[in-house]
$ cat structure33.txt   # compact mmCIF, C-alpha atoms
# COMPACT_ATOMS: atom_id res chain seq x y z
CA PRO A 1 0.00 0.00 0.00
CA SER A 2 1.20 3.50 -0.76
CA SER A 3 1.68 6.09 1.93
CA SER A 4 -1.03 8.19 0.28
CA ILE A 5 -3.52 5.50 1.29
CA THR A 6 -2.10 4.89 4.74
CA PRO A 7 -0.44 8.04 6.12
CA PRO A 8 2.50 7.14 8.37
CA PRO A 9 2.38 7.97 12.09
CA PRO A 10 3.80 11.38 13.03
CA PRO A 11 7.61 11.47 13.19
CA ILE A 12 9.42 11.12 16.51
CA PHE A 13 11.88 13.84 17.55
CA LEU A 14 14.59 13.57 20.21
CA ILE A 15 15.03 16.91 21.98
CA ASP A 16 18.28 17.06 23.95
CA GLY A 17 18.45 18.84 27.31
CA PHE A 18 14.80 19.90 27.38
CA PRO A 19 12.76 20.86 29.32
CA ARG A 20 15.19 22.38 31.79
CA SER A 21 12.67 24.30 33.88
CA ASP A 22 8.97 24.60 34.65
CA ASP A 23 8.82 27.55 32.26
CA ASN A 24 10.21 25.34 29.49
CA LEU A 25 7.62 22.63 30.13
CA ASP A 26 4.74 25.10 30.45
CA GLY A 27 5.78 26.82 27.22
CA TRP A 28 5.99 23.48 25.41
CA GLU A 29 2.55 22.41 26.58
CA ASP A 30 1.04 25.77 25.64
CA ALA A 31 2.56 25.70 22.16
CA MET A 32 2.56 21.97 21.37
CA GLY A 33 0.15 20.31 23.78
CA GLU A 34 -2.62 19.90 21.21
CA SER A 35 -0.41 18.64 18.41
CA SER A 36 2.22 16.45 20.05
CA ALA A 37 2.63 13.60 22.51
CA LEU A 38 5.56 12.98 24.83
CA VAL A 39 6.53 9.33 24.46
CA ALA A 40 9.37 9.25 27.03
CA ALA A 41 11.91 11.27 28.98
CA ILE A 42 15.42 9.86 29.45
CA VAL A 43 17.35 11.01 32.53
CA TYR A 44 21.01 10.16 33.07
CA ASP A 45 21.99 9.85 36.74
CA CYS A 46 25.64 10.45 37.58
CA PRO A 47 27.47 11.71 40.72
CA GLU A 48 28.51 15.35 40.57
CA ALA A 49 32.12 14.47 41.31
CA GLU A 50 32.27 12.23 38.24
CA LEU A 51 30.52 14.84 36.08
CA GLU A 52 32.94 17.53 37.23
CA LYS A 53 35.90 15.29 36.39
CA ARG A 54 34.54 14.57 32.91
CA ILE A 55 33.80 18.22 32.13
CA LEU A 56 37.23 19.35 33.30
CA GLU A 57 38.77 16.71 31.07
CA ARG A 58 36.61 17.98 28.20
CA SER A 59 37.78 21.53 28.88
CA LYS A 60 41.25 20.63 27.61
CA THR A 61 39.93 20.50 24.04
CA SER A 62 36.39 21.98 24.08
CA GLY A 63 37.31 25.65 23.90
CA ARG A 64 34.24 26.42 26.03
CA SER A 65 34.66 29.30 28.46
CA ASP A 66 32.15 27.77 30.89
CA ASP A 67 34.10 24.51 31.30
CA ASN A 68 35.59 25.63 34.60
CA VAL A 69 34.92 24.65 38.21
CA ASP A 70 32.88 27.75 39.16
CA SER A 71 30.60 27.49 36.11
CA ILE A 72 30.24 23.74 36.47
CA ARG A 73 29.05 24.02 40.08
CA LYS A 74 26.63 26.78 39.18
CA ARG A 75 25.18 24.49 36.51
CA PHE A 76 24.84 21.70 39.09
CA HIS A 77 22.92 24.10 41.34
CA THR A 78 20.66 25.17 38.49
CA PHE A 79 19.96 21.54 37.66
CA LYS A 80 18.98 20.78 41.27
CA THR A 81 16.74 23.82 41.66
CA GLU A 82 15.16 24.03 38.20
CA THR A 83 15.50 20.77 36.27
CA GLU A 84 15.08 18.10 38.95
CA PRO A 85 11.62 19.51 39.87
CA VAL A 86 10.59 19.16 36.21
CA VAL A 87 11.64 15.50 36.22
CA SER A 88 9.65 14.96 39.42
CA ARG A 89 6.68 16.72 37.83
CA LEU A 90 6.80 14.44 34.79
CA GLU A 91 7.05 11.38 37.05
CA SER A 92 4.24 12.37 39.41
CA SER A 93 1.86 13.55 36.68
CA LYS A 94 2.57 10.47 34.53
CA ARG A 95 2.76 12.88 31.59
CA CYS A 96 5.14 10.39 29.99
CA PRO A 97 7.36 7.50 31.10
CA VAL A 98 10.56 8.72 32.76
CA VAL A 99 13.44 6.32 32.16
CA ARG A 100 16.50 6.68 34.38
CA ILE A 101 19.86 5.42 33.12
CA ASP A 102 22.98 5.05 35.26
CA GLY A 103 25.49 7.38 33.63
CA ASP A 104 28.34 6.45 35.98
CA ARG A 105 29.53 3.65 33.69
CA SER A 106 31.41 3.20 30.45
CA ILE A 107 30.23 4.87 27.24
CA GLU A 108 29.45 1.43 25.81
CA LYS A 109 27.19 0.39 28.70
CA VAL A 110 25.35 3.73 28.83
CA TRP A 111 24.81 3.64 25.07
CA ALA A 112 23.52 0.04 25.21
CA ASP A 113 20.85 1.04 27.74
CA THR A 114 20.02 4.20 25.79
CA ARG A 115 19.65 2.30 22.54
CA ALA A 116 17.38 -0.26 24.22
CA VAL A 117 15.03 2.54 25.34
CA ILE A 118 14.99 4.20 21.91
CA ASP A 119 14.53 0.85 20.16
CA ARG A 120 11.39 0.20 22.22
CA ILE A 121 9.99 3.56 21.11
CA VAL A 122 10.85 2.89 17.47
CA ILE A 123 9.28 -0.59 17.65
CA SER A 124 6.03 0.93 18.94
CA ASP A 125 6.15 3.39 16.04
CA VAL A 126 6.63 0.59 13.49
CA LEU A 127 3.76 -1.39 15.02
CA ALA A 128 1.50 1.67 14.76
CA ALA A 129 2.35 2.02 11.05
CA ASN A 130 1.79 -1.71 10.51
CA ALA A 131 -1.57 -1.58 12.29
CA ALA A 132 -2.69 1.31 10.06
CA VAL A 133 -1.90 -0.73 6.94
CA VAL A 134 -3.68 -3.80 8.33
CA GLU A 135 -6.76 -1.71 9.06
CA VAL A 136 -6.87 -0.37 5.49
CA GLU A 137 -6.23 -3.79 3.95
CA THR A 138 -8.69 -5.82 6.02
CA GLY A 139 -10.73 -3.53 8.24
CA ASP A 140 -9.04 -5.38 11.11
CA LYS A 141 -8.29 -2.43 13.39
CA ARG A 142 -5.04 -3.08 15.24
CA GLY A 143 -5.52 -6.82 14.77
CA GLU A 144 -8.70 -6.93 16.85
CA GLY A 145 -11.48 -7.16 14.25
CA GLY A 146 -12.06 -10.90 14.16
CA GLY A 147 -8.46 -11.59 15.11
CA ARG A 148 -7.26 -12.04 11.55
CA TYR A 149 -3.83 -10.68 12.45
CA LYS A 150 -2.04 -11.72 15.63
CA ASP A 151 1.31 -12.20 17.36
CA ALA A 152 3.15 -9.36 15.60
CA GLU A 153 6.92 -9.33 16.13
CA VAL A 154 9.18 -6.45 15.08
CA ARG A 155 12.83 -6.78 14.09
CA LEU A 156 14.84 -3.61 13.63
CA LEU A 157 17.47 -3.95 10.92
CA GLU A 158 21.00 -2.54 11.00
CA GLY A 159 20.97 1.25 10.95
CA GLY A 160 17.56 1.54 12.60
CA ASP A 161 15.79 2.97 9.54
CA ARG A 162 14.44 -0.36 8.27
CA ALA A 163 12.37 -3.00 10.04
CA THR A 164 10.28 -6.08 9.48
CA VAL A 165 6.99 -7.03 11.12
CA THR A 166 6.11 -10.71 11.11
CA CYS A 167 2.68 -11.85 12.20
CA MET A 168 0.17 -14.68 11.77
CA ARG A 169 -2.80 -14.01 9.51
CA VAL A 170 -5.97 -16.05 9.23
CA ASP A 171 -6.61 -16.96 5.58
CA ASP A 172 -9.44 -19.36 4.84
CA THR A 173 -8.28 -19.76 1.23
CA VAL A 174 -5.13 -21.73 2.11
CA VAL A 175 -4.61 -25.19 3.53
CA GLY A 176 -4.29 -24.94 7.29
CA GLY A 177 -6.01 -21.57 7.36
CA MET A 178 -2.94 -19.62 8.55
CA VAL A 179 -0.33 -17.51 6.76
CA GLU A 180 2.89 -16.14 8.20
CA GLU A 181 3.21 -12.66 6.76
CA THR A 182 6.27 -10.43 6.90
CA LYS A 183 6.04 -6.77 5.95
CA GLU A 184 9.20 -4.78 5.36
CA TRP A 185 9.27 -1.16 6.46
CA ALA A 186 11.60 1.76 5.74
CA PHE A 187 11.77 5.15 7.39
CA ASP A 188 11.34 7.86 4.77
CA ASP A 189 12.30 11.41 5.73
CA ASN A 190 10.29 12.84 2.83
CA GLU A 191 7.16 11.02 3.93
CA GLY A 192 7.81 11.86 7.58
CA GLY A 193 7.56 8.30 8.88
CA TRP A 194 7.51 4.58 8.13
CA ILE A 195 6.32 3.30 4.77
CA SER A 196 5.63 -0.27 3.69
CA VAL A 197 8.13 -1.35 1.02
CA GLY A 198 7.46 -5.06 0.67
CA VAL A 199 5.51 -8.10 1.87
CA GLU A 200 6.11 -11.83 1.89
CA SER A 201 3.56 -14.50 2.85
CA VAL A 202 4.15 -18.16 3.66
CA SER A 203 1.26 -20.62 4.00
CA LEU A 204 1.46 -22.72 7.19
CA GLN A 205 0.21 -26.28 7.02
$ encode --input "structure33.txt" --output "structure tokens"
Amino acid sequence: PSSSITPPPPPIFLIDGFPRSDDNLDGWEDAMGESSALVAAIVYDCPEAELEKRILERSKTSGRSDDNVDSIRKRFHTFKTETEPVVSRLESSKRCPVVRIDGDRSIEKVWADTRAVIDRIVISDVLAANAAVVEVETGDKRGEGGGRYKDAEVRLLEGGDRATVTCMRVDDTVVGGMVEETKEWAFDDNEGGWISVGVESVSLQ
């Protein structure tokens, strides 16, 4: 099916270091509340002593004038007084899931946990696109209308901009009555989301 028939879900944006204060969050909700959804907030927890050490090491090559002890500690204070309350607000209001990642580890371990969180979000996005196609093709909204589609599994391919969704489909025209169907998906920047680029079906007997 073409994307003109099944519009892809809205694109997902990762906004780094935001919101940093209640004013930031209030402004976002005033401007974007009706047209966006927060799918998750990722918070990296790390002791201040370790953060200070890392920033001072960065200062040797960063060229940033604020990579000094006084500025660093002022930023820590600002984070405690302005940003931590926003995180607590998101957690208590259940505005979106807040995922905390231990940042006091190696780059490789922190990235592995970060990627796992982002992959879960991307998988949900692919499933939403797949469900929209299924609904157009069969009238089976999200696999619930008569249960003709079930047990969907998503596999993200290398690079993260392609994926496959494999599921079982009831098909009374084949022996055994079940087909294993795999749809291939690609993320298209021009279309603003996931588009279906191929399908393969195998009759199960």
$ residues_near_point --input "structure33.txt" --point "(25.4, 4.5, 27.5)" --cutoff "12 Å" --atoms "all atoms listed in the file" --output "mmCIF file with C-alpha atoms, in the coordinates of the input"
data_model
loop_
_atom_site.group_PDB
_atom_site.id
_atom_site.type_symbol
_atom_site.label_atom_id
_atom_site.label_comp_id
_atom_site.auth_asym_id
_atom_site.auth_seq_id
_atom_site.Cartn_x
_atom_site.Cartn_y
_atom_site.Cartn_z
ATOM 1 C CA ILE A 42 15.420 9.860 29.450
ATOM 2 C CA VAL A 43 17.350 11.010 32.530
ATOM 3 C CA TYR A 44 21.010 10.160 33.070
ATOM 4 C CA ASP A 45 21.990 9.850 36.740
ATOM 5 C CA CYS A 46 25.640 10.450 37.580
ATOM 6 C CA ARG A 100 16.500 6.680 34.380
ATOM 7 C CA ILE A 101 19.860 5.420 33.120
ATOM 8 C CA ASP A 102 22.980 5.050 35.260
ATOM 9 C CA GLY A 103 25.490 7.380 33.630
ATOM 10 C CA ASP A 104 28.340 6.450 35.980
ATOM 11 C CA ARG A 105 29.530 3.650 33.690
ATOM 12 C CA SER A 106 31.410 3.200 30.450
ATOM 13 C CA ILE A 107 30.230 4.870 27.240
ATOM 14 C CA GLU A 108 29.450 1.430 25.810
ATOM 15 C CA LYS A 109 27.190 0.390 28.700
ATOM 16 C CA VAL A 110 25.350 3.730 28.830
ATOM 17 C CA TRP A 111 24.810 3.640 25.070
ATOM 18 C CA ALA A 112 23.520 0.040 25.210
ATOM 19 C CA ASP A 113 20.850 1.040 27.740
ATOM 20 C CA THR A 114 20.020 4.200 25.790
ATOM 21 C CA ARG A 115 19.650 2.300 22.540
ATOM 22 C CA ALA A 116 17.380 -0.260 24.220
ATOM 23 C CA VAL A 117 15.030 2.540 25.340
ATOM 24 C CA ILE A 118 14.990 4.200 21.910
#
$ atom_distance --input "structure33.txt" --atom1 "atom CA of A:Glu184" --atom2 "atom CA of A:Ser196"
6.0 Å
$ atom_distance --input "structure33.txt" --atom1 "atom CA of A:Val99" --atom2 "atom CA of A:Val39"
10.8 Å
$ residues_around --input "structure33.txt" --residues "stretch 13-26 of chain A" --least-positions-apart "3" --cutoff "8 Å" --atoms "all atoms listed in the file" --output "PyMOL selection string"
chain A and resi 29-30+79+82-83+85-86
$ atom_distance --input "structure33.txt" --atom1 "atom CA of A:Leu38" --atom2 "atom CA of A:Trp194"
18.8 Å
$ closest_residue --input "structure33.txt" --among "A:Asp188, A:Asp119, A:Asp67, A:Asp172" --to "A:Val154" --atoms "only C-alpha atoms"
A:Asp119
$ closest_residue --input "structure33.txt" --among "A:Ala152, A:Leu157, A:Glu52, A:Glu84" --to "A:Ser71" --atoms "all atoms listed in the file"
A:Glu52
$ axis_aligned_box --input "structure33.txt" --around "stretch 189-201 of chain A" --padding-each-side "6 Å" --output "JSON"
{"center_x": 7.9, "center_y": -0.8, "center_z": 4.8, "size_x": 20.7, "size_y": 39.3, "size_z": 20.2}
$ closest_residue --input "structure33.txt" --among "A:Val174, A:Arg162, A:Ile72, A:Gly63" --to "A:Glu50" --atoms "only C-alpha atoms"
A:Ile72
$ closest_residue --input "structure33.txt" --among "A:Ala31, A:Gly160, A:Ala40, A:Cys96" --to "A:Ile121" --atoms "only C-alpha atoms"
A:Ala40
$ closest_residue --input "structure33.txt" --among "A:Val126, A:Met32, A:Leu90, A:Cys167" --to "A:Pro11" --atoms "only C-alpha atoms"
A:Val126
$ residues_around --input "structure33.txt" --residues "A:Asp171" --least-positions-apart "3" --cutoff "10 Å" --atoms "all atoms listed in the file" --output "PyMOL selection string"
chain A and resi 148-149+168+174-180+203
$ closest_residue --input "structure33.txt" --among "A:Ala41, A:Ala186, A:Ile12, A:Val170" --to "A:Ser88" --atoms "only C-alpha atoms"
A:Ala41
